[in-house]
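What follows is a short report on a single structure.
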Amino acid sequence: MKERQSPECATCPAHNVANLEKLGVDMTSLDFVLALAGNPNTGKSTVFNALTGLRQHTGNWPGKTVTRAEGSFSYGGKRYKIVDLPGTYSLLSTSTDEEVARDFILFGQPDVTVIVVDVSRLERNLNLTLQVLEITDRAVVCLNLIDEAERHHLKIDERQLSRELGVPVVPTNARQGDGIQALLKAISEVASGSFVCKPHRIASGSKELMGAVQRLSNSLKAKFPGLHNVRWVALRLLEGDARIIDAVKTGELAKLGRNEFQQIEN
């Protein structure tokens, strides 16, 4: 049996077991859950296949017609579930795909969100990356299609990018399996807490907007102590996001501010 962990446990799994069950994800006999996010046509499915091999299956998200692929793998003595989120260009919840991806990252609280980007179109892909980093502080950026970048004489300084984003950045060519072991290592380090991410958060905006965000953030901190993405929640409330408004009214956000771990079978 896995014991109930205290909120102060930095190396404990971050995932929300109850919410994952609502989302149709069974964590029995598994240690960590990963979300795989990215724009369409970034090679996300190839990364998924490289990590899971044949240990995968497909179905639909509960109450949705959106297809979901799940897989599993073992690394460093730990067992991982990986959920392939719909390919999206944003997480603003303006489509069913965006809603599914956003809600899984926010309410499922995966131990790691792996953001797959096309390194040859890095600037375009960073829009989604920065949105993911507003929601979660547990992420790894997978710079996929590095072979395409080299073909176009593009060179990315992944160490500098990692420093600027505040999360591990790993170059890969998933079609050939290049970089997959380094990606697994980065996933393990973030999942276990041995690498503590300090994600970049955009702080730009008008003086009036920032003032409103700060006032609302203070109220949210008082009502939901420990909520780690307060600023993002405040922005979504100001934009009238119905799902987030409902989560505030029902108190659902309170469960996201603690690392409560239900007892589950090992």
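In the structure tokens, chains take the letters A, B, ... in the order shown, each chain's residues start at 1, and ligands count up from 1 in the order shown.
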task: Write down as a PyMOL selection string the residues of segment 13-87 of chain A whose backbone DSSP state falls under strand (DSSP E or B).
output: chain A and resi 32-38+56-60+67-75+78-84
Keeping only N, CA, C and O atoms, write the selected residues as an mmCIF file, in the first residue's frame.
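Contents of selection24.cif, as written:
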data_model
loop_
_atom_site.group_PDB
_atom_site.id
_atom_site.type_symbol
_atom_site.label_atom_id
_atom_site.label_comp_id
_atom_site.auth_asym_id
_atom_site.auth_seq_id
_atom_site.Cartn_x
_atom_site.Cartn_y
_atom_site.Cartn_z
ATOM 1 N N PHE A 32 3.754 6.866 -11.395
ATOM 2 C CA PHE A 32 3.643 8.229 -11.898
ATOM 3 C C PHE A 32 2.778 8.270 -13.158
ATOM 4 O O PHE A 32 2.685 7.278 -13.881
ATOM 5 N N VAL A 33 2.190 9.439 -13.401
ATOM 6 C CA VAL A 33 1.427 9.641 -14.630
ATOM 7 C C VAL A 33 2.000 10.844 -15.373
ATOM 8 O O VAL A 33 2.325 11.873 -14.773
ATOM 9 N N LEU A 34 2.148 10.683 -16.680
ATOM 10 C CA LEU A 34 2.661 11.740 -17.535
ATOM 11 C C LEU A 34 1.582 12.190 -18.507
ATOM 12 O O LEU A 34 0.767 11.387 -18.956
ATOM 13 N N ALA A 35 1.596 13.471 -18.846
ATOM 14 C CA ALA A 35 0.792 13.985 -19.946
ATOM 15 C C ALA A 35 1.740 14.308 -21.087
ATOM 16 O O ALA A 35 2.837 14.833 -20.866
ATOM 17 N N LEU A 36 1.323 13.986 -22.305
ATOM 18 C CA LEU A 36 2.123 14.296 -23.483
ATOM 19 C C LEU A 36 1.368 15.349 -24.278
ATOM 20 O O LEU A 36 0.291 15.091 -24.823
ATOM 21 N N ALA A 37 1.904 16.574 -24.314
ATOM 22 C CA ALA A 37 1.233 17.697 -24.964
ATOM 23 C C ALA A 37 2.062 18.190 -26.141
ATOM 24 O O ALA A 37 3.262 17.929 -26.230
ATOM 25 N N GLY A 38 1.406 18.916 -27.049
ATOM 26 C CA GLY A 38 2.141 19.484 -28.174
ATOM 27 C C GLY A 38 1.223 19.933 -29.284
ATOM 28 O O GLY A 38 0.051 19.552 -29.341
ATOM 29 N N GLN A 56 0.351 -0.011 -25.101
ATOM 30 C CA GLN A 56 -0.544 1.126 -25.245
ATOM 31 C C GLN A 56 -1.919 0.670 -25.715
ATOM 32 O O GLN A 56 -2.083 -0.433 -26.250
ATOM 33 N N HIS A 57 -2.924 1.513 -25.474
ATOM 34 C CA HIS A 57 -4.269 1.239 -25.973
ATOM 35 C C HIS A 57 -4.989 2.563 -26.185
ATOM 36 O O HIS A 57 -4.564 3.612 -25.698
ATOM 37 N N THR A 58 -6.085 2.521 -26.921
ATOM 38 C CA THR A 58 -6.831 3.743 -27.227
ATOM 39 C C THR A 58 -8.275 3.614 -26.759
ATOM 40 O O THR A 58 -8.801 2.520 -26.574
ATOM 41 N N GLY A 59 -8.898 4.753 -26.559
ATOM 42 C CA GLY A 59 -10.313 4.827 -26.169
ATOM 43 C C GLY A 59 -10.750 6.270 -26.326
ATOM 44 O O GLY A 59 -10.078 7.056 -26.990
ATOM 45 N N ASN A 60 -11.857 6.621 -25.700
ATOM 46 C CA ASN A 60 -12.339 8.004 -25.733
ATOM 47 C C ASN A 60 -12.286 8.616 -24.343
ATOM 48 O O ASN A 60 -12.363 7.907 -23.329
ATOM 49 N N THR A 67 -10.541 11.022 -29.113
ATOM 50 C CA THR A 67 -9.787 9.792 -28.872
ATOM 51 C C THR A 67 -8.638 10.046 -27.889
ATOM 52 O O THR A 67 -7.994 11.091 -27.919
ATOM 53 N N ARG A 68 -8.421 9.075 -27.022
ATOM 54 C CA ARG A 68 -7.307 9.155 -26.074
ATOM 55 C C ARG A 68 -6.434 7.913 -26.210
ATOM 56 O O ARG A 68 -6.937 6.794 -26.267
ATOM 57 N N ALA A 69 -5.141 8.121 -26.275
ATOM 58 C CA ALA A 69 -4.187 7.012 -26.284
ATOM 59 C C ALA A 69 -3.456 6.993 -24.949
ATOM 60 O O ALA A 69 -3.042 8.039 -24.441
ATOM 61 N N GLU A 70 -3.325 5.815 -24.374
ATOM 62 C CA GLU A 70 -2.601 5.621 -23.125
ATOM 63 C C GLU A 70 -1.553 4.543 -23.316
ATOM 64 O O GLU A 70 -1.736 3.620 -24.100
ATOM 65 N N GLY A 71 -0.476 4.660 -22.593
ATOM 66 C CA GLY A 71 0.541 3.631 -22.616
ATOM 67 C C GLY A 71 1.247 3.564 -21.287
ATOM 68 O O GLY A 71 0.940 4.330 -20.362
ATOM 69 N N SER A 72 2.201 2.676 -21.179
ATOM 70 C CA SER A 72 2.958 2.547 -19.933
ATOM 71 C C SER A 72 4.383 2.127 -20.246
ATOM 72 O O SER A 72 4.676 1.576 -21.310
ATOM 73 N N PHE A 73 5.258 2.399 -19.314
ATOM 74 C CA PHE A 73 6.648 1.970 -19.431
ATOM 75 C C PHE A 73 7.274 1.991 -18.049
ATOM 76 O O PHE A 73 6.726 2.581 -17.108
ATOM 77 N N SER A 74 8.405 1.342 -17.923
ATOM 78 C CA SER A 74 9.151 1.329 -16.663
ATOM 79 C C SER A 74 10.507 1.977 -16.885
ATOM 80 O O SER A 74 11.118 1.832 -17.953
ATOM 81 N N TYR A 75 10.957 2.700 -15.856
ATOM 82 C CA TYR A 75 12.279 3.328 -15.930
ATOM 83 C C TYR A 75 12.774 3.556 -14.502
ATOM 84 O O TYR A 75 12.038 4.064 -13.663
ATOM 85 N N LYS A 78 10.644 2.421 -11.538
ATOM 86 C CA LYS A 78 9.326 3.022 -11.369
ATOM 87 C C LYS A 78 8.459 2.741 -12.585
ATOM 88 O O LYS A 78 8.955 2.584 -13.700
ATOM 89 N N ARG A 79 7.143 2.707 -12.346
ATOM 90 C CA ARG A 79 6.186 2.409 -13.424
ATOM 91 C C ARG A 79 5.416 3.676 -13.777
ATOM 92 O O ARG A 79 4.875 4.344 -12.889
ATOM 93 N N TYR A 80 5.371 3.958 -15.053
ATOM 94 C CA TYR A 80 4.784 5.202 -15.541
ATOM 95 C C TYR A 80 3.589 4.937 -16.449
ATOM 96 O O TYR A 80 3.632 4.047 -17.301
ATOM 97 N N LYS A 81 2.550 5.724 -16.264
ATOM 98 C CA LYS A 81 1.435 5.789 -17.210
ATOM 99 C C LYS A 81 1.619 7.073 -18.019
ATOM 100 O O LYS A 81 1.920 8.132 -17.448
ATOM 101 N N ILE A 82 1.443 6.995 -19.332
ATOM 102 C CA ILE A 82 1.545 8.176 -20.173
ATOM 103 C C ILE A 82 0.257 8.350 -20.956
ATOM 104 O O ILE A 82 -0.258 7.390 -21.545
ATOM 105 N N VAL A 83 -0.300 9.562 -20.914
ATOM 106 C CA VAL A 83 -1.552 9.879 -21.598
ATOM 107 C C VAL A 83 -1.259 10.890 -22.694
ATOM 108 O O VAL A 83 -0.739 11.978 -22.425
ATOM 109 N N ASP A 84 -1.564 10.503 -23.927
ATOM 110 C CA ASP A 84 -1.323 11.367 -25.083
ATOM 111 C C ASP A 84 -2.495 12.328 -25.236
ATOM 112 O O ASP A 84 -3.603 11.916 -25.589
#
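Omitting Lys22 of chain A and its sequence neighbours fewer than 5 positions away, and counting only C-alpha atoms, the residues within 12 Å are Asn16, Val17, Met27, Trp61, Pro62, Gly63, Asp103, Phe104, Phe107 and Gly108 of chain A.
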Could those residues be written to a file, using C-alpha atoms, as a tab-separated table (two decimals), in the first residue's frame?
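As a result, result.tsv now contains:
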chain	number	residue	atom	x	y	z
A	16	ASN	CA	-4.56	13.74	-8.15
A	17	VAL	CA	-5.84	10.17	-7.92
A	27	MET	CA	-3.35	4.25	-11.68
A	61	TRP	CA	-12.27	10.64	-23.02
A	62	PRO	CA	-15.28	10.26	-20.68
A	63	GLY	CA	-18.27	12.05	-22.20
A	103	ASP	CA	-8.46	20.01	-17.87
A	104	PHE	CA	-6.15	16.98	-17.73
A	107	PHE	CA	-7.21	18.79	-12.60
A	108	GLY	CA	-5.31	15.53	-13.17
field: Selection: 6 Å around Ser217 of chain A, only C-alpha atoms, excl. self and same-chain fewer than 2 positions, as a list in words
entry: Val213, Gln214, Arg215, Ser219, Leu220, Val230, Arg231 and Ala234 of chain A
Arg159 of chain A surroundings by only C-alpha atoms, 9 Å radius, close-in-sequence under 6 positions cut, as number ranges by chain: A: 168-170
message: Rounded to one decimal, what separation in Å do you get between atom CA of Lys185 of chain A and atom CA of Gly166 of chain A?
response: 16.7 Å
For Val114 of chain A, please output as an mmCIF file with N, CA and C atoms, in the first residue's frame all residues within 6 Å (counting only C-alpha atoms; exclusion window: fewer than 4 positions along the same chain).
data_model
loop_
_atom_site.group_PDB
_atom_site.id
_atom_site.type_symbol
_atom_site.label_atom_id
_atom_site.label_comp_id
_atom_site.auth_asym_id
_atom_site.auth_seq_id
_atom_site.Cartn_x
_atom_site.Cartn_y
_atom_site.Cartn_z
ATOM 1 N N LEU A 36 1.323 13.986 -22.305
ATOM 2 C CA LEU A 36 2.123 14.296 -23.483
ATOM 3 C C LEU A 36 1.368 15.349 -24.278
ATOM 4 N N ALA A 139 7.351 20.007 -15.713
ATOM 5 C CA ALA A 139 7.326 19.832 -17.165
ATOM 6 C C ALA A 139 8.719 19.546 -17.713
ATOM 7 N N VAL A 140 8.735 18.920 -18.868
ATOM 8 C CA VAL A 140 9.952 18.683 -19.641
ATOM 9 C C VAL A 140 9.636 19.067 -21.079
ATOM 10 N N VAL A 141 10.508 19.838 -21.706
ATOM 11 C CA VAL A 141 10.337 20.192 -23.115
ATOM 12 C C VAL A 141 11.163 19.235 -23.968
#
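Considering the residues A:Asp26, A:Glu252, A:Asp118, A:Glu134 and counting only C-alpha atoms, Val233 of chain A has its shortest atom-to-atom contact with A:Glu134.
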Leaving out Gly77 of chain A and any residue of its chain fewer than 6 positions from it, which residues lie within 12 Å of it when counting only C-alpha atoms, given as a PDB file with all heavy atoms, in the first residue's frame?
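Now in selection.pdb:
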ATOM      1  N   LEU A  30       0.769   1.603 -10.582  1.00  0.00           N
ATOM      2  CA  LEU A  30       1.630   2.553 -11.285  1.00  0.00           C
ATOM      3  C   LEU A  30       2.104   3.631 -10.314  1.00  0.00           C
ATOM      4  O   LEU A  30       1.408   3.953  -9.352  1.00  0.00           O
ATOM      5  CB  LEU A  30       0.888   3.186 -12.458  1.00  0.00           C
ATOM      6  CG  LEU A  30       0.537   2.209 -13.596  1.00  0.00           C
ATOM      7  CD1 LEU A  30      -0.568   2.786 -14.472  1.00  0.00           C
ATOM      8  CD2 LEU A  30       1.766   1.902 -14.440  1.00  0.00           C
ATOM      9  N   ASP A  31       3.292   4.183 -10.576  1.00  0.00           N
ATOM     10  CA  ASP A  31       3.865   5.167  -9.671  1.00  0.00           C
ATOM     11  C   ASP A  31       3.608   6.607 -10.106  1.00  0.00           C
ATOM     12  O   ASP A  31       3.306   7.457  -9.276  1.00  0.00           O
ATOM     13  CB  ASP A  31       5.382   4.946  -9.554  1.00  0.00           C
ATOM     14  CG  ASP A  31       5.717   3.594  -8.953  1.00  0.00           C
ATOM     15  OD1 ASP A  31       5.414   3.400  -7.759  1.00  0.00           O
ATOM     16  OD2 ASP A  31       6.261   2.736  -9.667  1.00  0.00           O
ATOM     17  N   PHE A  32       3.754   6.866 -11.395  1.00  0.00           N
ATOM     18  CA  PHE A  32       3.643   8.229 -11.898  1.00  0.00           C
ATOM     19  C   PHE A  32       2.778   8.270 -13.158  1.00  0.00           C
ATOM     20  O   PHE A  32       2.685   7.278 -13.881  1.00  0.00           O
ATOM     21  CB  PHE A  32       5.020   8.806 -12.230  1.00  0.00           C
ATOM     22  CG  PHE A  32       5.967   8.888 -11.070  1.00  0.00           C
ATOM     23  CD1 PHE A  32       7.070   8.062 -10.992  1.00  0.00           C
ATOM     24  CD2 PHE A  32       5.756   9.809 -10.051  1.00  0.00           C
ATOM     25  CE1 PHE A  32       7.953   8.137  -9.922  1.00  0.00           C
ATOM     26  CE2 PHE A  32       6.626   9.895  -8.966  1.00  0.00           C
ATOM     27  CZ  PHE A  32       7.727   9.059  -8.903  1.00  0.00           C
ATOM     28  N   SER A 188      12.216  11.208 -15.292  1.00  0.00           N
ATOM     29  CA  SER A 188      12.415  10.592 -13.977  1.00  0.00           C
ATOM     30  C   SER A 188      12.826  11.624 -12.941  1.00  0.00           C
ATOM     31  O   SER A 188      12.335  11.614 -11.800  1.00  0.00           O
ATOM     32  CB  SER A 188      13.475   9.495 -14.087  1.00  0.00           C
ATOM     33  OG  SER A 188      13.835   8.993 -12.815  1.00  0.00           O
ATOM     34  N   SER A 192      10.397  12.475  -9.784  1.00  0.00           N
ATOM     35  CA  SER A 192      10.879  12.122  -8.441  1.00  0.00           C
ATOM     36  C   SER A 192      11.152  13.343  -7.575  1.00  0.00           C
ATOM     37  O   SER A 192      11.309  13.222  -6.371  1.00  0.00           O
ATOM     38  CB  SER A 192      12.158  11.285  -8.555  1.00  0.00           C
ATOM     39  OG  SER A 192      13.218  12.067  -9.087  1.00  0.00           O
TER      40      SER A 192
END
- prompt: Which parts of segment 180-229 of chain A does DSSP call alpha helix (DSSP H) when run on the backbone here, written out as a PyMOL selection string?
  reply: chain A and resi 180-192+207-223
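Taking only C-alpha atoms into account, Ala186 of chain A lies nearest to A:Ser162 out of the set A:Thr129, A:Ser120, A:Gln109, A:Ser162.
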